[in-house]
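**Q** Supplied in structure tokens, the structure appears directly below.
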4 protein chains.
Amino acid sequence: MTASTTQTADAADIYTRRESEARSYCRSFPTSFATGRNATLTDEDGRDYIDFLAGCSSLNYGHNDPDMKQALIEHLTQDGIGHALDFHTAPKKAFLETFERLILQPRGMDHKVMMTGPTGTNAVEAAMKLARKVTGRETIVAFTNGFHGMTMGALAATGNAGKRNGAGMALSGVARAPFEGAFGADVDTLAQLEMLLENPSSGFDMPAAFLVEPVQGEGGLNAASREWLEGLGRLAKRHGILLILDDIQAGCGRCGTFFSFEGMDVEPDMVPMAKSLSGYGLPFAALLLKPELDIWKPAEHNGTFRGNTHAFVTARVALEKFWADGAFQAELAEKAAYLETRLEAIAGMLPDARLKGRGFFRGVDVGSGELAAEVCAECFDKGVIIETSGAHDEVVKVLAPLTIEKELLARGLDIVEAAVASRVAARSPAVSANIAAE
Amino acid sequence: MTASTTQTADAADIYTRRESEARSYCRSFPTSFATGRNATLTDEDGRDYIDFLAGCSSLNYGHNDPDMKQALIEHLTQDGIGHALDFHTAPKKAFLETFERLILQPRGMDHKVMMTGPTGTNAVEAAMKLARKVTGRETIVAFTNGFHGMTMGALAATGNAGKRNGAGMALSGVARAPFEGAFGADVDTLAQLEMLLENPSSGFDMPAAFLVEPVQGEGGLNAASREWLEGLGRLAKRHGILLILDDIQAGCGRCGTFFSFEGMDVEPDMVPMAKSLSGYGLPFAALLLKPELDIWKPAEHNGTFRGNTHAFVTARVALEKFWADGAFQAELAEKAAYLETRLEAIAGMLPDARLKGRGFFRGVDVGSGELAAEVCAECFDKGVIIETSGAHDEVVKVLAPLTIEKELLARGLDIVEAAVASRVAARSPAVSANIAAE
Amino acid sequence: MTASTTQTADAADIYTRRESEARSYCRSFPTSFATGRNATLTDEDGRDYIDFLAGCSSLNYGHNDPDMKQALIEHLTQDGIGHALDFHTAPKKAFLETFERLILQPRGMDHKVMMTGPTGTNAVEAAMKLARKVTGRETIVAFTNGFHGMTMGALAATGNAGKRNGAGMALSGVARAPFEGAFGADVDTLAQLEMLLENPSSGFDMPAAFLVEPVQGEGGLNAASREWLEGLGRLAKRHGILLILDDIQAGCGRCGTFFSFEGMDVEPDMVPMAKSLSGYGLPFAALLLKPELDIWKPAEHNGTFRGNTHAFVTARVALEKFWADGAFQAELAEKAAYLETRLEAIAGMLPDARLKGRGFFRGVDVGSGELAAEVCAECFDKGVIIETSGAHDEVVKVLAPLTIEKELLARGLDIVEAAVASRVAARSPAVSANIAAE
Amino acid sequence: MTASTTQTADAADIYTRRESEARSYCRSFPTSFATGRNATLTDEDGRDYIDFLAGCSSLNYGHNDPDMKQALIEHLTQDGIGHALDFHTAPKKAFLETFERLILQPRGMDHKVMMTGPTGTNAVEAAMKLARKVTGRETIVAFTNGFHGMTMGALAATGNAGKRNGAGMALSGVARAPFEGAFGADVDTLAQLEMLLENPSSGFDMPAAFLVEPVQGEGGLNAASREWLEGLGRLAKRHGILLILDDIQAGCGRCGTFFSFEGMDVEPDMVPMAKSLSGYGLPFAALLLKPELDIWKPAEHNGTFRGNTHAFVTARVALEKFWADGAFQAELAEKAAYLETRLEAIAGMLPDARLKGRGFFRGVDVGSGELAAEVCAECFDKGVIIETSGAHDEVVKVLAPLTIEKELLARGLDIVEAAVASRVAARSPAVSANIAAE
């Protein structure tokens, strides 16, 4: 990590002195941020950055949306209740009614909402616990390259070896199956999974649930096809296995629709939600669950910060502002098409690169983690905050706010493109000459 | 649950229709809350309640403290960064510097701060994982009646059978030892624990850590004595076992000092913090850890909402306002003495009742969960929000904000006392006559 | 189960009254056996049976081999030590020297011999424990349709759902991979396994060992090809994974050579042995392990009956009689060729049947468990003891003693063939007509 | 280990070259044994030893009992079936009938017999699995200093840290409770256990079973009192917990009666048996289980060597010879009284020594493992084979055959007494002088 000039000596000191080595993003983006407005971050020295990370998709509506901000300030000003455990409150009621009206009912979903501790991993843990309680089975099938959280239950379902090693002990209760394409495009991973389920001597215990991200964010922007997800849903139904679609990162519009699985013939039994659910980047998570699964006893799963009241306020505004009609979704589709075109072009600059993801959940697999890191570092120097994902950190991912101004999106992509070109040039004079000639 | 008159029909509907059966406190306090100011909650019908629950000790400084509120509104107004993953930000730096200056340095603590997902269970999980990594041992010793969280790692350390059953599978990695007094006042539980550790055939695997609350909140306000905690610390040191003092509920002033273990000759290796850490009831948690234990690799344990920026803003104000000098602590000691006197008197009204807890973390074991529930229900009718704890819900606990106005504290305690008297009278005319005669 | 006429009323009584319902083979072969000579069993009524089960391959040298019998009677007569824990004894020394001279040295193996409790599952457990100790990793990879034993460690590695359910709890420490052909002949299961091992986000923890039967007996006589086993060995080496070849059922000549993996370019790190190791059907098991893995401390794994002295006596005779030169192996090859020809013909009688196994470890997959059961029942009526295996009990397996007289082998196979023909006729008049016409 | 003169160079070679380092007893008794007759072992050099180890209680009727020997030779001579899986056979029927008539019926027991793999650990695993299946609970409570076997299920219940470490991974499914006296004579360990069971927040999951040895052999000859065992039985009944009395080492007459728990008001649900069950030191184990627990499906738990036929032959003779009337038991009582007197005297020679055990299952805690090892080594030099047990190997245990000739018992005890005296003298001239003066 090269010390940034914006980083004063004593600021470095306090983090070195007092913050755990577990800190990470601050190492890639070594400056101190002060303000945020939609897709623009400004550091303490007044330098602007285009935010292509968006809080890892926690800021799908950008930083400090003015309508949500106003609603939150009003709530604060009036001494609206701030922390309320799981009491009934006006903001909670308004959120639930809005969520029912604008999200559930139009999509024909009858799910109930469980307020879990306000992080994705808490919602995933609640889903895993409930799946086991309901079915009386222990095994949850998670998929290669899946990421579901850092607490012991969810971590067992997370594929990344580095994260798993953090557990300090073996992780149990999860079996692993290949995600679509994990063994190459020509291997039908669902057929293999079915063979394991139907072979009584396979040693593959009948699972309580499949736990899967429709698009794997951390795993490398691997987007499952409609066919695969629908097939997985049918397989689940045939065997009495619950289907948990983890929409923590892929949901809230990231894939172009509110849920990532809209338009598919698949009915998830449970949907963990978090990240952009509050709309404003506030800690908030919930588990959607089919009513017939709601066998929880009062407080059987609880948590002090379940149902963050400030988040209820902003989440309601987000739903009303962006999802009351189809305008936002239409505009998003346009932007997504633009993004796809630009990233296809960038991928074309590298021999083995390929476009990844779906909707506004996109990236380019540049073929190596080293190259991806160089690209991101150069982007940061040029004013774009962008990160990698994938098992080898080989995917440069664009997680801009869905609300990003078109001009800013274009400018950011120009910078990414230039960074790729520069890296290509640095690596191979011949390739560089070709690019220059275009 | 009797439907409250303040609860309109359709409000009941939305919760019944859409919120999971896991909801709980709203069943005991069936009204819809609108605003909060220090120790006073007001519902949508304008009725005031004295808050003797304080968000289960998440609101030690009351609802909507005006200074924190102002700082947060200013931050919002200026588009101060809201969600920042674990970037360096001005509010984070200010929080860390203030925490170092006002909390760590004066107490001679050199701990580092790890930002975990913003719930207590996330901080506990991080501590458990790290203890296993550092020691290469798997077992964490947790204690009878302990409560540490609902995610699978922390849940394994939680004693409550109802919560444990929610897991849907066996919980592993934790061995259980008796808390002080668990086998009666005359049994030296530490001596027994040491016998197990020193007997190579005990089958009690050498643990990575002891995980213990200095005062058990959910477990029934069981306060460990200084002797016991110091003895546990010595036992840990002798055997190379890490000491994790879970101060999530007992810390942040609840026991009369910032940490619950101040003034004791005990040096915790790790201290999970949450609940009142933000000062304002916002989701926020951290793990304090000795620098030599900080072997985390970057992002080896992470979480989207680690380091809630809004919470940094309010937490800093809370530290400056209440912990910059000894005034608040002195005032708190006075109030705690008053509380003790009043609760002693209330306990004296019942033959088998006894005072529980320490500092401002107090309650009365009334001998049965049924009686405790009746007392709490009657208190709610009279305008006091108060809850039970303990293995049999037998403790009526007073978790008022530390900042509660003395008059309001007195009034609330009058109502509790009257409720106890009323219950006594209802149960036993004879006892009732005695009380009346006093 | 049809009550046999040879079963007197009170005999039935004692088993019903006093033996656990777990008993099984006695249900398929409802008579009471009295004597055994090579491949012939005789029941209490004097009826002879051809033994095509051979104690599930524990009697590779037949019943009551006269040379072993004589040696054992001499040992008994002289009050040779019978039970000796793991003392040094003359029979133990003689066994070890003979095993070294006739088995290990000619095959270029430098393995040490660990005397475990005298059952296969004990030897497998020792191998699993040691693999974990040596590598510091927990996961053992076992394969679909594998069978390794009934104690909790080995049971975790056993695929059969019925056996696994007997555990009464979840089984841990084992991950499952597909055996060769588990996903069809065209799927390269090793390539898939390697992809999981090389993908750091696969969630497939780096294993301590591969545990595999070169030919799966209980799993349906699935014989791994030389290419697959060699590939598995190379994969293991590349990743520092130990290779445990479970030769409990496939070894001791069953596949035509002493070890099932002879002639392949594969070096197992450990080889659990049991079943026919004593030569006489006596309880005896051992674990062969590479000397560099022998990090056991004295008695770190032990067992009262490790190193059964009577078994040392008979095992030594077995080695000297059958493995001192190549005569037995040559004769066995001839018999195996005959068996193959006959079973190919039998398989040809059924549309979907196919020959399974290798060497003298053979059977016919008749396509359904129902049909296989009928065939076996009819064989028993005609005087042949034969059983099924496979996930659906769909394989009629021929596990005759390797020493079976050729004439008896032919006679037994005639009976099996006739039983298949009879079942075919009963099921399909048309097919029956065809067979009759041949 | 001093090399014995009876050990030729190449004999040493074969064990060093080829037997795993896990071997143990041969290190303490470095000679090669040839024959055994009752309590006398003779090595290859013709030297006699008095056997005070008796195969760790596997040879309660001594070596090579002539009646069992004759029956076994007859069986062999007639080609009586040797290995029979779990077929019905004449010897099995005879054994079951005899066991029913001479053991179960006279003691009012209606248990069924489950033939498990022929080692103690297999029988314990079967009991643990069945307890979990029957109750639907996972936890088995085992006790401090308990020893139950080396396979993963039973090892989890074994207390010894050295053995546990051999697992290479964490052991699960077992909670630990203190055996009688584990916390000192004045602590009521049952009362504490009951408090844990009755406290719903204790974190002590309601167990499937208590698994306990009435007298702990390996654990140091700790004999539970009648009061404690009866109390444990009542506690089990009150909570629907199954009681498994592991009589593997303590049973078959070792404590003076066939079962160790005779004469107590306790009804075990299951009783694992092994060691001396065959009478002749042959591998044989069984699980006695109450008929109402016999929910096993056929072959749900199985094993190739379950029901060792040779063992049926000898076990039947053992029952008829020793347990058909009360003569053997009466004679044993006399010998046990003599043993007690002698060991009391020996214990009296050492300041902190004390007599341990019950019946003919006796030893002296000499206060340190070092001293105990010296005593045993000196005994071996003088011709007595004797070993230690206990968490610190501090107990010199006398496990002579129950059938030992009185004169030989006296002679062996003289040698033990002299060894203790010699060690005392070597350590403390003063003490030695006192002894000499007596």
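Following the order of the structure tokens, first chain is A, next is B, and so on, with residues numbered from 1 inside each chain and ligands from 1 in the order they appear.
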If we count only C-alpha atoms and set the cut-off at 10 Å, which residues sit around Leu229 in chain D, ignoring sequence neighbours fewer than 6 positions away in its own chain? Please answer as number ranges by chain.

**A** D: 180, 190, 212-214, 223, 235, 245, 261, 264-266

**Q** What are the residues of chain B that have an atom within 8 Å of an atom of chain D, counting only C-alpha atoms, as a PyMOL selection string?

**A** chain B and resi 138+143-146+157-162+170+172+175-176+183+192+195+199-205+219+391-392

**Q** Pull N, CA, C and O atoms from the residues just selected and write them as a tab-separated table (two decimals), in the first residue's frame.

**A**
chain	number	residue	atom	x	y	z
B	138	GLU	N	-10.07	-25.69	19.67
B	138	GLU	CA	-11.43	-25.45	19.16
B	138	GLU	C	-12.44	-25.03	20.23
B	138	GLU	O	-13.31	-24.20	19.99
B	143	PHE	N	-20.61	-20.20	29.80
B	143	PHE	CA	-21.09	-20.47	31.16
B	143	PHE	C	-22.61	-20.61	31.21
B	143	PHE	O	-23.33	-20.08	30.36
B	144	THR	N	-23.06	-21.34	32.20
B	144	THR	CA	-24.49	-21.52	32.39
B	144	THR	C	-25.18	-20.15	32.41
B	144	THR	O	-24.66	-19.20	32.96
B	145	ASN	N	-26.34	-20.09	31.77
B	145	ASN	CA	-27.16	-18.89	31.71
B	145	ASN	C	-26.56	-17.76	30.88
B	145	ASN	O	-27.08	-16.65	30.87
B	146	GLY	N	-25.46	-18.05	30.17
B	146	GLY	CA	-24.88	-17.02	29.31
B	146	GLY	C	-25.73	-16.78	28.08
B	146	GLY	O	-26.44	-17.67	27.60
B	157	ALA	N	-22.75	-20.84	22.18
B	157	ALA	CA	-22.30	-20.37	23.49
B	157	ALA	C	-23.44	-19.86	24.36
B	157	ALA	O	-23.24	-19.53	25.52
B	158	THR	N	-24.62	-19.79	23.78
B	158	THR	CA	-25.79	-19.28	24.50
B	158	THR	C	-26.47	-20.44	25.22
B	158	THR	O	-26.63	-21.51	24.65
B	159	GLY	N	-26.87	-20.21	26.47
B	159	GLY	CA	-27.40	-21.32	27.26
B	159	GLY	C	-28.86	-21.65	27.04
B	159	GLY	O	-29.26	-22.80	27.18
B	160	ASN	N	-29.65	-20.65	26.71
B	160	ASN	CA	-31.10	-20.81	26.67
B	160	ASN	C	-31.57	-21.90	25.69
B	160	ASN	O	-31.30	-21.86	24.50
B	161	ALA	N	-32.30	-22.89	26.23
B	161	ALA	CA	-32.71	-24.05	25.43
B	161	ALA	C	-33.64	-23.66	24.29
B	161	ALA	O	-33.57	-24.20	23.19
B	162	GLY	N	-34.52	-22.71	24.53
B	162	GLY	CA	-35.44	-22.27	23.48
B	162	GLY	C	-34.69	-21.69	22.30
B	162	GLY	O	-34.97	-22.01	21.14
B	170	ALA	N	-27.42	-29.73	15.98
B	170	ALA	CA	-26.56	-29.66	17.16
B	170	ALA	C	-25.55	-28.54	16.99
B	170	ALA	O	-25.09	-28.25	15.90
B	172	SER	N	-21.88	-26.91	18.01
B	172	SER	CA	-20.60	-27.50	18.40
B	172	SER	C	-19.55	-26.45	18.72
B	172	SER	O	-19.73	-25.26	18.46
B	175	ALA	N	-17.91	-25.84	25.21
B	175	ALA	CA	-18.16	-26.63	26.42
B	175	ALA	C	-18.73	-25.68	27.46
B	175	ALA	O	-18.52	-24.47	27.40
B	176	ARG	N	-19.42	-26.23	28.39
B	176	ARG	CA	-20.16	-25.41	29.35
B	176	ARG	C	-19.54	-25.54	30.73
B	176	ARG	O	-19.17	-26.63	31.16
B	183	PHE	N	-24.33	-23.59	41.22
B	183	PHE	CA	-24.61	-24.79	42.03
B	183	PHE	C	-24.86	-24.42	43.48
B	183	PHE	O	-24.71	-25.24	44.38
B	192	GLN	N	-13.75	-26.25	40.71
B	192	GLN	CA	-14.18	-27.41	39.93
B	192	GLN	C	-13.68	-27.31	38.49
B	192	GLN	O	-13.21	-28.29	37.91
B	195	MET	N	-10.13	-28.23	38.39
B	195	MET	CA	-9.92	-29.68	38.47
B	195	MET	C	-10.11	-30.33	37.11
B	195	MET	O	-9.35	-31.22	36.72
B	199	ASN	N	-7.02	-32.29	35.15
B	199	ASN	CA	-7.14	-33.74	35.04
B	199	ASN	C	-7.03	-34.13	33.57
B	199	ASN	O	-7.95	-33.89	32.79
B	200	PRO	N	-5.92	-34.75	33.17
B	200	PRO	CA	-5.75	-35.06	31.74
B	200	PRO	C	-6.73	-36.11	31.23
B	200	PRO	O	-6.78	-36.35	30.04
B	201	SER	N	-7.50	-36.72	32.11
B	201	SER	CA	-8.51	-37.68	31.66
B	201	SER	C	-9.93	-37.15	31.89
B	201	SER	O	-10.88	-37.91	31.87
B	202	SER	N	-10.04	-35.85	32.09
B	202	SER	CA	-11.38	-35.31	32.38
B	202	SER	C	-12.26	-35.32	31.14
B	202	SER	O	-13.48	-35.23	31.24
B	203	GLY	N	-11.64	-35.39	29.96
B	203	GLY	CA	-12.43	-35.30	28.74
B	203	GLY	C	-12.85	-33.88	28.41
B	203	GLY	O	-13.58	-33.64	27.46
B	204	PHE	N	-12.35	-32.96	29.21
B	204	PHE	CA	-12.63	-31.54	29.01
B	204	PHE	C	-11.45	-31.00	28.21
B	204	PHE	O	-10.38	-30.78	28.76
B	205	ASP	N	-11.63	-30.82	26.91
B	205	ASP	CA	-10.51	-30.40	26.07
B	205	ASP	C	-10.00	-29.02	26.47
B	205	ASP	O	-10.79	-28.14	26.82
B	219	GLY	N	-29.57	-13.86	31.31
B	219	GLY	CA	-29.53	-15.03	32.19
B	219	GLY	C	-30.13	-14.80	33.55
B	219	GLY	O	-30.24	-15.73	34.36
B	391	ALA	N	-33.68	-17.67	33.50
B	391	ALA	CA	-33.97	-18.95	32.86
B	391	ALA	C	-35.46	-19.25	32.89
B	391	ALA	O	-35.99	-19.91	31.98
B	392	HIS	N	-36.15	-18.79	33.93
B	392	HIS	CA	-37.59	-19.00	34.03
B	392	HIS	C	-38.34	-17.68	33.91
B	392	HIS	O	-39.47	-17.57	34.37

**Q** Figure out the distance between CA of His111 in chain D and CA of Pro272 in chain D, please, to one decimal in Å.

**A**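 Distance reported for this atom pair: 11.5 Å.
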
**Q** Interatomic distance between CA of Gly46 in chain A and CA of Asn60 in chain A?

**A**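 CA of Asn60 in chain A lies at a distance of 23.6 Å from CA of Gly46 in chain A.
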
**Q** From a DSSP calculation on the backbone, collect every residue of range 320-409 of chain A in helix (DSSP H, G or I) and output the set as a PyMOL selection string.

**A** chain A and resi 320-323+327-348+369-381+406-409

**Q** Could you name the residues that touch Arg423 in chain A at 12 Å or less, counting only C-alpha atoms, but leaving out those on the same chain fewer than 3 positions away, as a VMD selection string?

**A** chain A and resid 349 to 350 366 370 to 379 416 to 420 426 to 429 431 to 432 435

**Q** Which parts of range 284-421 of chain C does DSSP call strand (DSSP E) when run on the backbone here, written out as a CSV table (one decimal) with C-alpha atoms, in the first residue's frame?

**A**
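result_26.csv, freshly written:
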chain,number,residue,atom,x,y,z
C,286,ALA,CA,-4.5,-54.3,10.2
C,287,LEU,CA,-3.5,-51.0,8.7
C,288,LEU,CA,-0.6,-50.8,6.4
C,289,LEU,CA,1.0,-47.4,6.5
C,354,ARG,CA,-24.4,-56.0,-17.2
C,355,LEU,CA,-21.4,-57.7,-15.8
C,356,LYS,CA,-19.8,-55.9,-12.8
C,357,GLY,CA,-16.5,-56.2,-10.9
C,358,ARG,CA,-13.0,-57.5,-11.6
C,361,PHE,CA,-15.0,-60.1,-7.4
C,362,ARG,CA,-17.9,-60.3,-9.8
C,363,GLY,CA,-21.6,-60.0,-10.2
C,364,VAL,CA,-24.4,-59.1,-12.5
C,365,ASP,CA,-26.4,-55.9,-12.3
C,384,VAL,CA,-26.7,-71.8,-3.4
C,385,ILE,CA,-26.0,-69.0,-0.9
C,387,GLU,CA,-26.4,-62.2,-2.0
C,388,THR,CA,-27.0,-58.8,-3.6
C,389,SER,CA,-25.2,-55.5,-3.4
C,395,VAL,CA,-26.4,-56.6,-8.3
C,396,VAL,CA,-26.3,-60.4,-7.8
C,397,LYS,CA,-22.8,-60.9,-6.6
C,398,VAL,CA,-20.7,-64.0,-6.7

**Q** With only C-alpha atoms as the atoms that count, which of B:Gly412, B:Gly168, B:Gly181, B:Gly120 lies nearest to Ala208 in chain A?

**A** B:Gly168

**Q** Let me make sure I understand: among B:Pro207, B:Leu53, B:Asp186, B:Asp79, which one has the smallest atom-to-atom distance to His239 in chain B if we use only C-alpha atoms?

**A**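 Between B:Pro207, B:Leu53, B:Asp186, B:Asp79, the residue approaching His239 in chain B most closely is B:Pro207.
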
**Q** I need the residue nearest Thr119 in chain B from this list: B:Thr341, B:Thr98, B:Thr151, B:Thr77. Use only C-alpha atoms for the distance.

**A** B:Thr151
